[in-house]
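Here is the structure we will look at, set down as structure tokens.
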4 protein chains.
Amino acid sequence: MGRLWDISNKIDKEILSFTVYKDNKIDEKLINYDILASITHAKMLAKIGIISEEEKEKILDILNELLKKAENNQIKIEIEEEDMHTKIENYLTQKLGELGEKIHTARSRNDQVMVALRLFYKDKLKEVEKATKKFIKVLKKFEEKFGSITIPGLTHTRKAIPTTVNIWIGSFVESLRDDLKLLRTVKNFVDQNPLGSGAGFGIPAIEVDREYTTKLLNFSRTQNNPLYVQNSRGKFESLIAHAISMIMYDINKLSTDLILFSFDEIGFVKLPKEILTGSSMMPNKENPDIFEIARGSYSKIIILEEWLNILPMNLISGYHRDLQFTKEAIFEVFETAIKTINIMAKTFSEIQIDEEKAKKLITKEMYATENVNKLVLNGLPFREAYKIVKRNLSKPKD
Amino acid sequence: MGRLWDISNKIDKEILSFTVYKDNKIDEKLINYDILASITHAKMLAKIGIISEEEKEKILDILNELLKKAENNQIKIEIEEEDMHTKIENYLTQKLGELGEKIHTARSRNDQVMVALRLFYKDKLKEVEKATKKFIKVLKKFEEKFGSITIPGLTHTRKAIPTTVNIWIGSFVESLRDDLKLLRTVKNFVDQNPLGSGAGFGIPAIEVDREYTTKLLNFSRTQNNPLYVQNSRGKFESLIAHAISMIMYDINKLSTDLILFSFDEIGFVKLPKEILTGSSMMPNKENPDIFEIARGSYSKIIILEEWLNILPMNLISGYHRDLQFTKEAIFEVFETAIKTINIMAKTFSEIQIDEEKAKKLITKEMYATENVNKLVLNGLPFREAYKIVKRNLSKPKD
Amino acid sequence: MGRLWDISNKIDKEILSFTVYKDNKIDEKLINYDILASITHAKMLAKIGIISEEEKEKILDILNELLKKAENNQIKIEIEEEDMHTKIENYLTQKLGELGEKIHTARSRNDQVMVALRLFYKDKLKEVEKATKKFIKVLKKFEEKFGSITIPGLTHTRKAIPTTVNIWIGSFVESLRDDLKLLRTVKNFVDQNPLGSGAGFGIPAIEVDREYTTKLLNFSRTQNNPLYVQNSRGKFESLIAHAISMIMYDINKLSTDLILFSFDEIGFVKLPKEILTGSSMMPNKENPDIFEIARGSYSKIIILEEWLNILPMNLISGYHRDLQFTKEAIFEVFETAIKTINIMAKTFSEIQIDEEKAKKLITKEMYATENVNKLVLNGLPFREAYKIVKRNLSKPKD
Amino acid sequence: MGRLWDISNKIDKEILSFTVYKDNKIDEKLINYDILASITHAKMLAKIGIISEEEKEKILDILNELLKKAENNQIKIEIEEEDMHTKIENYLTQKLGELGEKIHTARSRNDQVMVALRLFYKDKLKEVEKATKKFIKVLKKFEEKFGSITIPGLTHTRKAIPTTVNIWIGSFVESLRDDLKLLRTVKNFVDQNPLGSGAGFGIPAIEVDREYTTKLLNFSRTQNNPLYVQNSRGKFESLIAHAISMIMYDINKLSTDLILFSFDEIGFVKLPKEILTGSSMMPNKENPDIFEIARGSYSKIIILEEWLNILPMNLISGYHRDLQFTKEAIFEVFETAIKTINIMAKTFSEIQIDEEKAKKLITKEMYATENVNKLVLNGLPFREAYKIVKRNLSKPKD
């Protein structure tokens, strides 16, 4: 079966494949949300009298049948069908004939894809949140186990002041908890129902009941202005990516720490052999690939956010097909982030601290600031105390 | 007077200038916040008994004197002095001798700069908020004046469905209101007191009262973990930049709309001559430079956000001097955004809608969707109605 | 069969899958180059006496057998095998027993992957060049057909001076020809043989003959310093992406032109129905999706270049697993660019210019500059002539 | 005196300041090139008979007078004057009356700014080249002094194989030499004369002699298509930025190496006290700020390149005022890069290698690959030799 907009003009296969891009593949993972929204849309059409109750029931039966297939990943979308929207309408028409042709009343693929995406985002943001909480729990356990051990505090990649595992790991716990707050804000932002906004200018002639679909789909509110719905494409996705990038920022830093702190001559972090990888040529290598990839994943997220930022640049209000790329970007954001946060939680629980090695690193001069402060407590002005301690440090040791 | 960390080693002028970068210039605009925080720090030092009440009063006198200079933009910082922190301590020592040498007790330039920046951010975010609210007000007035006029709704830069100025401008109003919500979240995020965290590992030997400075400086809470304070450098700035980028995103889109909609053959937007600029060679030109620069300013903000995202990449926990660049980035973000939002508010109030030109653009085929929907209301299935209307459109006109 | 570096330590499946990432899938498209390089490597091992002539022949037989499979896309790489390097060695060992175990002598996967990638780049750059040349040819034909037609020249999205299709399309021809020059420079840059550099520090104890493999693999020179080989990972890829981004920049601009110039009220560009796409809701829509996606593809390329720029940031010399992401990035660069350039060439040949519509756009005031210049030729100073013409333009028309 | 395009319409000061942006400040550094091009333009006007020989001489006298001021940095451009082009014409008119009004014949500020920029780029690229060559020389000297010392070769931030200072530093020398090649290509790219292309559509009615100005200004060729001239704005700048980013990439990596290799527990790199900076609170700190800023400067360059990439995105052919930002971007690129390369050359000459510390780092297991290869030379298949050596490494040491 064909596309929703064909009548006479045939489209060249190469051209079609170019415009469909990865959409059919991506939509296979998204179609369950589209079906859910279609079910709601059918209920709304019945409520406002476009279809009868009986028609609604028939449509729901078929959509529920399709939903089951979707949930079992049994739906394949061919390039000829373009996307999930076409798949759904074609399926209905095939099963119900003329009745299937009613499903697209009072909606455009423009609002249809956005409602599916929003439902998807809400689920995925929950997954990110869950993974992050699990990771925080693992970090807290690590603190319990090793928290009181003294390790070198570094600034400028130079030994500065003794600190503890509690301070080190605690910094990530506090940071991730802030990240969770931002995640919740973003979730609330995204939690706006776009269904019923048509192609960005509402539905002519037919009065749709948007509050009804908002309620049924469990959105916290309706995104009122139909043009804002279209103009938020890319913008909301970028906000999601940014919130996630902050979690990945923490993982980038923690991974960098782990890689350096487990370096041979530093070594107070002990990575278990089970998570290290070897070299094909050098038998001596045990490499922290896992944390290198986790580290590098941050770059992927911020680059995807940047993509989302620039895609809609200098484009007038309303939909443009360029925005199709936002799907690819945001799918990669979620997939990369969830996988990485989970692997961090999984592997971190096996990491150890080598107290002996840590102790060796805490050399005398690291107490210089403490010595200054003790002189201060004895009445010396800070800067004078500082100079005295500094002068002593420069003296040749015997 | 010299730097805070010199004793013996002299530093080459070219090297110093390279490391100071633009810091002395930027700090001239930031120093009032550093003085305010120094006043608070002095009070705290008195409270915990490091300095006496009398000493505190002397220090406060001098700092208030310096603050007045700062507020009158009378403070110049030379490269030899490096930064505002050095300026302040040097000034105190010059005026108070040994007593001035006490001000840096229990603090590092690391937490000192961050508290100044946070205070600065809070003020600037308020400015952004104020400018945005003013802009929204101007847009609302515009809606009142021209809202009911019908204009073409476009998708894919193609005429789609008739819409109204209300829908068009309303999309920006609703979007900007969402932006304000995000701005408030970000303000709350940033509203954490870093003072007392030292160089990222707390203050050895001396028990500082961080809750006290949090209260005095009117922060909503203390940023507890000292290492998190340092690790949030760049991260918080990126979040600010992101929130602001969303406002600038709206301005990018609105400017793009204005430029196209006032193009000769479209022309339903009328830009007043007073805001247009001419050409040195072509007497006929009246160019919308102002909206081109507003449009381009979005690119500046997202690029600065990207800079903030990548600067701390792959660096271990704790401060690194690379992060100094975050100052330049965030200063440019605020300056560009505030100026642009204000100019939009100022110029928008003079823009007009040409109803006649708008009417001419609303050609018959734009009612196709409405016609489909009317057939649907008469009982036809949507897809059938769609096909009928499409077929009629393709018929040769006589 | 297992990985090349296992002896005792088992690796968790989830961890392995995380580290392998998309490598096994990507390597399926790259393995023919790896086999080619392996054939050369075997010849070199024979030349320096590590394997005998007879052994070499046996190895070459098997590798050629595998190469045939690769060329028919018959090779699947499972996650357990990690990558193409492992696939090849395992295949050899399976077929040849102990002799297969000799193939990895004097090489590391580090130089092995780079030689395969370089061979791949050289081929792909040729493809890009070929597609670009074809596109230029199509543009030249377009010039021949429509070149002399007068169209409006725009600056600031405002009518400026009459120009011709020759100037308009010619600007892209000249630009693309410059792009081809850059492409050739980049090809020369990349044309350095990395094989024999091991893991970045050469091959201990064994004297490899790098010039020999350079000659056999048809590289223009050997990349001498082994550490430079590793450090150029990401850097060379970024250079490739940059060169390609310049072609895509031209396509972005041309697509933007086409979309606006075919807009209803401008319309001097006529896009054939065959390449337009419709709307699911609005029967009147004929959308230039193809040029919107071509336009948006530029953003994808520059974002991938940016990824390549930041991935190696702040990492010390030598390989890091983060760099694995460079594969994904550069593969996407080539795929997106080649597809887009080809589609532009294909569709452009069907585009028409509507001379009537163009003529209507050339309004009187567009000759203002010409009028100024004519006054200048009659002896008036330019600025005075400019003012006279400008004053006349402002006069109310009757 | 006013702007070149004013007649009646007054422009608001705030609006003017917004559109002028930093242009007047930047133009103060660029004006000497604009004057040089104006001198050439006047000669060309005389050659084609627009002005007489005598008039030409008068104009050249005044322009040469102004050029001297420019070379002494004595020219200030006020916001009211907008830019250097206006400054020059106003200056001429002030001194020569009506004759000054002839200078702008047959040129637009569009081609005028581009010719000034191209001349500026050519000079600055030479500066970059010179600084890079000096840096290479310093590295070569370093190699001579310390080249034969054995240091640990690292992959994955893990000790891999012993290498030498020669390999380490040599990798940067070879890389920088490649960078120089790219720089030369870029210089050749930019070496195209845009003068005479007007606002992107040539000069109506007057036949200008572009080859003549190409020759006088010492360009290697004329950029023929006038619209390509305008469309290359941003594109050429991005190419320059990219070529420079590759040098900065090397500096980023080398700086990262220096910072880690001089870390207390590694320490085979010795940074002289003279280039280290201290802490205001911690007397023990000696920080490598200089290399941190050099490292961070890479991020600045790639972000500026990204800005240049996105600024022209989705804009139709021809000039747009958004492109004004390209000036700021490219000026920052040159300034940052030249300063950084010079400081690297300056400081590197004082760095030392601590042979003792290097030796301590070369632990036994780093010879594992060599041992494997020796077994291979004795006839063992590589993979078997590898397994033997690996098994020995895992044995508990006594």
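Chain labels follow the order of the structure tokens: the first chain is A, the next B, and so on; residue numbering restarts at 1 in every chain, and ligands are counted from 1 in their shown order.
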Practice task
Would you kindly return, as number ranges by chain, each protein, DNA or RNA residue with an atom no farther than 10 Å from any atom of C:Glu28, considering only C-alpha atoms and excluding same-chain residues fewer than 4 positions away?
Solution key: C: 23-24, 32, 70, 73-78, 83-84, 87
Can those selected residues be exported to a file as a PDB file, in the first residue's frame so that it contains C-alpha atoms?
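again-v1.pdb was written with the following content:
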```
ATOM      1  CA  ASP C  23      32.414  -1.796  15.889  1.00  0.00           C
ATOM      2  CA  ASN C  24      31.446  -5.244  14.687  1.00  0.00           C
ATOM      3  CA  ASN C  32      37.933  -6.064   2.872  1.00  0.00           C
ATOM      4  CA  ALA C  70      34.038  -9.780   2.120  1.00  0.00           C
ATOM      5  CA  ASN C  73      29.202  -8.886   1.960  1.00  0.00           C
ATOM      6  CA  GLN C  74      29.092 -12.379   3.354  1.00  0.00           C
ATOM      7  CA  ILE C  75      31.051 -11.754   6.512  1.00  0.00           C
ATOM      8  CA  LYS C  76      29.203 -11.353   9.776  1.00  0.00           C
ATOM      9  CA  ILE C  77      31.122 -10.349  12.889  1.00  0.00           C
ATOM     10  CA  GLU C  78      29.628 -11.326  16.220  1.00  0.00           C
ATOM     11  CA  ASP C  83      36.154  -6.770  15.482  1.00  0.00           C
ATOM     12  CA  MET C  84      37.430  -7.566  11.996  1.00  0.00           C
ATOM     13  CA  LYS C  87      37.773 -12.293  12.686  1.00  0.00           C
TER      14      LYS C  87
END
```
I need the residues of stretch 219-288 of chain A that end up classed as helix (DSSP H, G or I) by DSSP on the backbone, written out as a CSV table (one decimal) with N, CA, C and O atoms, in the first residue's frame.
```csv
chain,number,residue,atom,x,y,z
A,226,PRO,N,-0.9,26.1,18.5
A,226,PRO,CA,-0.5,25.0,17.6
A,226,PRO,C,0.9,25.3,16.9
A,226,PRO,O,1.6,24.3,16.6
A,227,LEU,N,1.2,26.5,16.7
A,227,LEU,CA,2.4,26.8,16.0
A,227,LEU,C,3.6,26.6,17.0
A,227,LEU,O,4.7,26.2,16.6
A,228,TYR,N,3.4,26.9,18.2
A,228,TYR,CA,4.4,26.7,19.2
A,228,TYR,C,4.7,25.2,19.3
A,228,TYR,O,5.9,24.8,19.5
A,229,VAL,N,3.7,24.4,19.1
A,229,VAL,CA,4.0,22.9,19.1
A,229,VAL,C,5.0,22.6,18.0
A,229,VAL,O,6.1,22.0,18.3
A,230,GLN,N,4.8,23.1,16.8
A,230,GLN,CA,5.8,22.8,15.7
A,230,GLN,C,7.2,23.5,16.0
A,230,GLN,O,8.2,22.9,15.8
A,231,ASN,N,7.1,24.7,16.5
A,231,ASN,CA,8.4,25.4,16.8
A,231,ASN,C,9.2,24.9,17.9
A,231,ASN,O,10.3,25.2,18.1
A,235,LYS,N,13.8,22.2,19.9
A,235,LYS,CA,14.0,23.0,21.1
A,235,LYS,C,13.8,22.1,22.4
A,235,LYS,O,14.7,22.1,23.2
A,236,PHE,N,12.7,21.4,22.4
A,236,PHE,CA,12.5,20.5,23.6
A,236,PHE,C,13.6,19.4,23.6
A,236,PHE,O,14.1,19.0,24.6
A,237,GLU,N,13.8,18.9,22.4
A,237,GLU,CA,14.8,17.8,22.3
A,237,GLU,C,16.2,18.3,22.8
A,237,GLU,O,16.9,17.5,23.5
A,238,SER,N,16.5,19.5,22.5
A,238,SER,CA,17.8,20.0,22.9
A,238,SER,C,17.8,20.1,24.4
A,238,SER,O,18.9,19.9,25.1
A,239,LEU,N,16.7,20.5,25.0
A,239,LEU,CA,16.6,20.7,26.5
A,239,LEU,C,16.8,19.3,27.1
A,239,LEU,O,17.6,19.2,28.1
A,240,ILE,N,16.2,18.3,26.6
A,240,ILE,CA,16.4,16.9,27.1
A,240,ILE,C,17.8,16.5,27.0
A,240,ILE,O,18.4,16.1,28.0
A,241,ALA,N,18.4,16.8,25.8
A,241,ALA,CA,19.8,16.4,25.6
A,241,ALA,C,20.7,17.1,26.6
A,241,ALA,O,21.7,16.6,27.2
A,242,HIS,N,20.4,18.4,26.9
A,242,HIS,CA,21.2,19.1,27.8
A,242,HIS,C,21.1,18.6,29.2
A,242,HIS,O,22.2,18.4,29.9
A,243,ALA,N,19.9,18.3,29.7
A,243,ALA,CA,19.8,17.7,31.0
A,243,ALA,C,20.6,16.4,31.1
A,243,ALA,O,21.3,16.1,32.1
A,244,ILE,N,20.5,15.6,30.1
A,244,ILE,CA,21.2,14.3,30.1
A,244,ILE,C,22.7,14.5,30.0
A,244,ILE,O,23.5,13.8,30.6
A,245,SER,N,23.1,15.6,29.3
A,245,SER,CA,24.6,15.9,29.1
A,245,SER,C,25.2,16.2,30.5
A,245,SER,O,26.4,16.0,30.7
A,246,MET,N,24.4,16.7,31.4
A,246,MET,CA,24.9,17.0,32.7
A,246,MET,C,25.3,15.7,33.5
A,246,MET,O,26.3,15.7,34.3
A,247,ILE,N,24.4,14.7,33.4
A,247,ILE,CA,24.8,13.4,34.0
A,247,ILE,C,26.0,12.8,33.3
A,247,ILE,O,26.9,12.3,34.0
A,248,MET,N,26.1,13.0,32.0
A,248,MET,CA,27.2,12.4,31.3
A,248,MET,C,28.5,13.2,31.6
A,248,MET,O,29.6,12.7,31.5
A,249,TYR,N,28.3,14.5,31.9
A,249,TYR,CA,29.5,15.3,32.3
A,249,TYR,C,30.1,14.7,33.6
A,249,TYR,O,31.3,14.5,33.7
A,250,ASP,N,29.2,14.3,34.5
A,250,ASP,CA,29.7,13.7,35.7
A,250,ASP,C,30.4,12.4,35.4
A,250,ASP,O,31.4,12.1,36.0
A,251,ILE,N,29.8,11.6,34.5
A,251,ILE,CA,30.4,10.4,34.2
A,251,ILE,C,31.8,10.6,33.4
A,251,ILE,O,32.7,9.8,33.6
A,252,ASN,N,31.8,11.6,32.6
A,252,ASN,CA,33.1,11.9,32.0
A,252,ASN,C,34.2,12.2,33.0
A,252,ASN,O,35.3,11.7,32.9
A,253,LYS,N,33.8,13.0,34.0
A,253,LYS,CA,34.8,13.4,35.0
A,253,LYS,C,35.2,12.2,35.8
A,253,LYS,O,36.4,11.9,36.1
A,254,LEU,N,34.2,11.4,36.3
A,254,LEU,CA,34.5,10.3,37.1
A,254,LEU,C,35.3,9.3,36.4
A,254,LEU,O,36.3,8.7,36.9
A,255,SER,N,35.0,9.0,35.1
A,255,SER,CA,35.8,8.1,34.3
A,255,SER,C,37.2,8.5,34.2
A,255,SER,O,38.2,7.8,34.3
A,256,THR,N,37.4,9.8,33.9
A,256,THR,CA,38.7,10.4,33.8
A,256,THR,C,39.5,10.2,35.1
A,256,THR,O,40.7,9.8,35.1
A,257,ASP,N,38.8,10.4,36.2
A,257,ASP,CA,39.5,10.2,37.5
A,257,ASP,C,39.9,8.7,37.6
A,257,ASP,O,41.0,8.4,38.0
A,258,LEU,N,39.0,7.8,37.3
A,258,LEU,CA,39.3,6.4,37.5
A,258,LEU,C,40.5,6.0,36.7
A,258,LEU,O,41.3,5.2,37.1
A,259,ILE,N,40.5,6.5,35.4
A,259,ILE,CA,41.6,6.1,34.6
A,259,ILE,C,42.9,6.6,35.1
A,259,ILE,O,43.9,5.8,35.1
A,260,LEU,N,43.0,7.8,35.6
A,260,LEU,CA,44.3,8.3,36.1
A,260,LEU,C,44.6,7.7,37.4
A,260,LEU,O,45.7,7.3,37.7
A,261,PHE,N,43.6,7.6,38.3
A,261,PHE,CA,43.9,7.2,39.7
A,261,PHE,C,44.3,5.7,39.7
A,261,PHE,O,44.8,5.2,40.7
A,273,LYS,N,40.1,-7.0,37.3
A,273,LYS,CA,40.5,-7.6,36.0
A,273,LYS,C,39.3,-7.9,35.1
A,273,LYS,O,39.4,-7.8,33.9
A,274,GLU,N,38.2,-8.2,35.7
A,274,GLU,CA,37.0,-8.6,34.9
A,274,GLU,C,36.5,-7.5,34.0
A,274,GLU,O,35.8,-7.8,33.0
A,275,ILE,N,36.8,-6.3,34.3
A,275,ILE,CA,36.3,-5.2,33.4
A,275,ILE,C,37.4,-4.6,32.6
A,275,ILE,O,37.2,-3.6,31.9
```
Handout entry: Contact set, chain A to chain D: 8 Å, only C-alpha atoms, as a ChimeraX atom specification
Key = /A:156-160,259-260,263-266,281-289,292,310,313-315,361,365-366,368-369,386-387,389-390,393
Could you save those same residues with N, CA and C atoms as a compact mmCIF listing (two decimals), in the first residue's frame?
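The result, stored in out31.txt:
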```
# COMPACT_ATOMS: atom_id res chain seq x y z
N HIS A 156 44.87 21.51 39.30
CA HIS A 156 45.84 21.66 38.21
C HIS A 156 46.62 20.36 37.95
N THR A 157 45.99 19.20 38.17
CA THR A 157 46.70 17.92 38.08
C THR A 157 47.98 17.93 38.91
N ARG A 158 47.91 18.54 40.08
CA ARG A 158 49.04 18.62 41.01
C ARG A 158 48.51 18.32 42.39
N LYS A 159 49.32 17.67 43.20
CA LYS A 159 48.88 17.38 44.55
C LYS A 159 48.67 18.68 45.33
N ALA A 160 47.55 18.77 46.02
CA ALA A 160 47.21 20.02 46.68
C ALA A 160 47.05 19.84 48.19
N ILE A 259 40.52 6.47 35.44
CA ILE A 259 41.60 6.08 34.55
C ILE A 259 42.94 6.57 35.08
N LEU A 260 42.99 7.81 35.55
CA LEU A 260 44.26 8.32 36.06
C LEU A 260 44.60 7.73 37.43
N PHE A 263 46.27 4.49 37.31
CA PHE A 263 47.53 4.43 36.55
C PHE A 263 48.63 3.87 37.45
N ASP A 264 49.49 3.06 36.85
CA ASP A 264 50.50 2.31 37.60
C ASP A 264 51.13 3.07 38.78
N GLU A 265 51.65 4.27 38.51
CA GLU A 265 52.41 4.97 39.55
C GLU A 265 51.53 5.71 40.55
N ILE A 266 50.23 5.71 40.32
CA ILE A 266 49.32 6.37 41.27
C ILE A 266 48.57 5.26 41.98
N MET A 281 48.76 -7.32 20.85
CA MET A 281 50.20 -7.41 20.62
C MET A 281 51.02 -7.41 21.89
N MET A 282 50.50 -6.68 22.91
CA MET A 282 51.30 -6.49 24.13
C MET A 282 50.69 -7.26 25.28
N PRO A 283 51.32 -8.35 25.70
CA PRO A 283 50.72 -9.21 26.73
C PRO A 283 50.57 -8.50 28.07
N ASN A 284 51.33 -7.45 28.27
CA ASN A 284 51.31 -6.79 29.57
C ASN A 284 50.13 -5.84 29.77
N LYS A 285 49.36 -5.56 28.71
CA LYS A 285 48.34 -4.52 28.84
C LYS A 285 47.05 -4.98 29.50
N GLU A 286 46.56 -4.15 30.42
CA GLU A 286 45.22 -4.33 30.99
C GLU A 286 44.57 -2.95 30.96
N ASN A 287 43.71 -2.76 30.01
CA ASN A 287 43.25 -1.41 29.69
C ASN A 287 41.84 -1.11 30.20
N PRO A 288 41.64 0.12 30.61
CA PRO A 288 40.32 0.51 31.14
C PRO A 288 39.37 0.97 30.04
N ASP A 289 39.26 0.20 28.97
CA ASP A 289 38.44 0.60 27.82
C ASP A 289 37.06 1.05 28.21
N GLU A 292 37.02 4.50 29.21
CA GLU A 292 37.35 5.38 28.08
C GLU A 292 36.12 5.60 27.20
N ILE A 310 21.37 23.45 16.27
CA ILE A 310 21.60 24.14 14.99
C ILE A 310 20.59 23.74 13.92
N MET A 313 17.99 26.28 13.06
CA MET A 313 18.54 27.64 12.95
C MET A 313 18.14 28.32 11.65
N ASN A 314 17.77 29.55 11.75
CA ASN A 314 17.49 30.38 10.58
C ASN A 314 16.34 29.84 9.72
N LEU A 315 15.49 29.03 10.32
CA LEU A 315 14.30 28.54 9.61
C LEU A 315 13.08 29.29 10.14
N LEU A 361 51.00 8.37 48.55
CA LEU A 361 50.90 9.59 47.73
C LEU A 361 50.78 10.86 48.58
N GLU A 365 54.49 17.77 51.98
CA GLU A 365 54.18 19.16 51.58
C GLU A 365 52.68 19.39 51.39
N MET A 366 51.92 18.31 51.29
CA MET A 366 50.48 18.47 51.12
C MET A 366 49.81 19.03 52.38
N ALA A 368 50.92 21.65 53.87
CA ALA A 368 51.36 23.05 53.97
C ALA A 368 50.21 23.98 54.35
N THR A 369 49.07 23.81 53.71
CA THR A 369 47.94 24.69 54.01
C THR A 369 47.48 24.52 55.45
N TYR A 386 51.53 32.14 55.50
CA TYR A 386 51.72 31.54 54.18
C TYR A 386 53.17 31.66 53.74
N LYS A 387 53.72 32.86 53.92
CA LYS A 387 55.10 33.09 53.45
C LYS A 387 56.11 32.27 54.23
N VAL A 389 55.58 29.36 55.74
CA VAL A 389 55.48 27.95 55.33
C VAL A 389 56.11 27.77 53.95
N LYS A 390 55.85 28.72 53.09
CA LYS A 390 56.40 28.59 51.72
C LYS A 390 57.92 28.60 51.76
N LEU A 393 59.26 25.33 52.81
CA LEU A 393 59.15 24.30 51.77
C LEU A 393 60.31 24.37 50.79
```
Handout entry: Spatial neighbours of C:Gly196, 7 Å, only C-alpha atoms, chain gap at least 4 places, as a PyMOL selection string
Key = chain C and resi 107+111+202+208+210
Handout entry: Shell around stretch 213-219 of chain B at 8 Å using only C-alpha atoms, local window under 3 positions removed, as a list in words
Key =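 Contacts, with the query itself left out: Ala37, Thr40, His41, Met44, Asp191, Gln192, Asn193, Leu195, Asp209, Arg210 and Thr222 of chain B.
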Now that the selection is made, can you save its residues with N, CA and C atoms as a PDB file, in the first residue's frame?
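out-v2.pdb, written as the output of this step:
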```pdb
ATOM      1  N   ALA B  37      31.361  39.711  48.679  1.00  0.00           N
ATOM      2  CA  ALA B  37      31.640  38.412  49.296  1.00  0.00           C
ATOM      3  C   ALA B  37      32.761  38.544  50.318  1.00  0.00           C
ATOM      4  N   THR B  40      31.361  39.769  53.532  1.00  0.00           N
ATOM      5  CA  THR B  40      30.722  38.648  54.231  1.00  0.00           C
ATOM      6  C   THR B  40      31.763  37.717  54.847  1.00  0.00           C
ATOM      7  N   HIS B  41      32.808  37.474  54.082  1.00  0.00           N
ATOM      8  CA  HIS B  41      33.857  36.591  54.592  1.00  0.00           C
ATOM      9  C   HIS B  41      34.490  37.180  55.857  1.00  0.00           C
ATOM     10  N   MET B  44      32.308  36.623  58.756  1.00  0.00           N
ATOM     11  CA  MET B  44      32.376  35.225  59.194  1.00  0.00           C
ATOM     12  C   MET B  44      33.669  34.985  59.983  1.00  0.00           C
ATOM     13  N   ASP B 191      21.824  29.082  42.651  1.00  0.00           N
ATOM     14  CA  ASP B 191      21.693  29.811  43.913  1.00  0.00           C
ATOM     15  C   ASP B 191      22.270  29.033  45.087  1.00  0.00           C
ATOM     16  N   GLN B 192      23.467  28.506  44.927  1.00  0.00           N
ATOM     17  CA  GLN B 192      24.128  27.711  45.956  1.00  0.00           C
ATOM     18  C   GLN B 192      25.432  28.403  46.345  1.00  0.00           C
ATOM     19  N   ASN B 193      25.652  28.521  47.616  1.00  0.00           N
ATOM     20  CA  ASN B 193      26.843  29.220  48.112  1.00  0.00           C
ATOM     21  C   ASN B 193      28.102  28.355  48.056  1.00  0.00           C
ATOM     22  N   LEU B 195      31.159  29.595  48.854  1.00  0.00           N
ATOM     23  CA  LEU B 195      32.176  30.164  49.756  1.00  0.00           C
ATOM     24  C   LEU B 195      32.443  29.220  50.929  1.00  0.00           C
ATOM     25  N   ASP B 209      32.182  28.805  59.113  1.00  0.00           N
ATOM     26  CA  ASP B 209      30.722  28.729  59.279  1.00  0.00           C
ATOM     27  C   ASP B 209      30.069  29.041  57.932  1.00  0.00           C
ATOM     28  N   ARG B 210      29.872  28.016  57.132  1.00  0.00           N
ATOM     29  CA  ARG B 210      29.364  28.244  55.781  1.00  0.00           C
ATOM     30  C   ARG B 210      27.894  28.650  55.780  1.00  0.00           C
ATOM     31  N   THR B 222      23.622  26.108  50.802  1.00  0.00           N
ATOM     32  CA  THR B 222      25.072  25.924  50.703  1.00  0.00           C
ATOM     33  C   THR B 222      25.373  24.781  49.739  1.00  0.00           C
TER      34      THR B 222
END
```
Exercise for the section: For atom CA of B:Glu207 and atom CA of B:Ala106, quote the distance in Å rounded to one decimal. Expected result: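 Separation between atom CA of B:Glu207 and atom CA of B:Ala106: 8.7 Å.
The coordinates place atom CA of B:Glu355 at 6.5 Å from atom CA of B:Ile149.
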Handout entry: For atom CA of A:Gln94 and atom CA of A:Glu65, the interatomic separation in Å (one decimal)
Key =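 Spanning atom CA of A:Gln94 to atom CA of A:Glu65 is a straight-line distance of 13.3 Å.
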Handout entry: Contacts of A:Glu57 within 12 Å, only C-alpha atoms, excl. fewer than 4 positions in-chain, as a VMD selection string
Key = chain A and resid 39 to 40 42 to 43 45 to 46 51 to 53 61 to 64 96 99
Practice task
With a distance cut-off of 9 Å and only C-alpha atoms, select the neighbouring residues of B:Lys137, excluding the residue or stretch itself and same-chain residues fewer than 4 positions from it, and output the selection as a list in words.
Solution key: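 Close residues of B:Lys137: Thr132, Lys133, Lys141, Phe142, Val173 and Ala345 of chain B.
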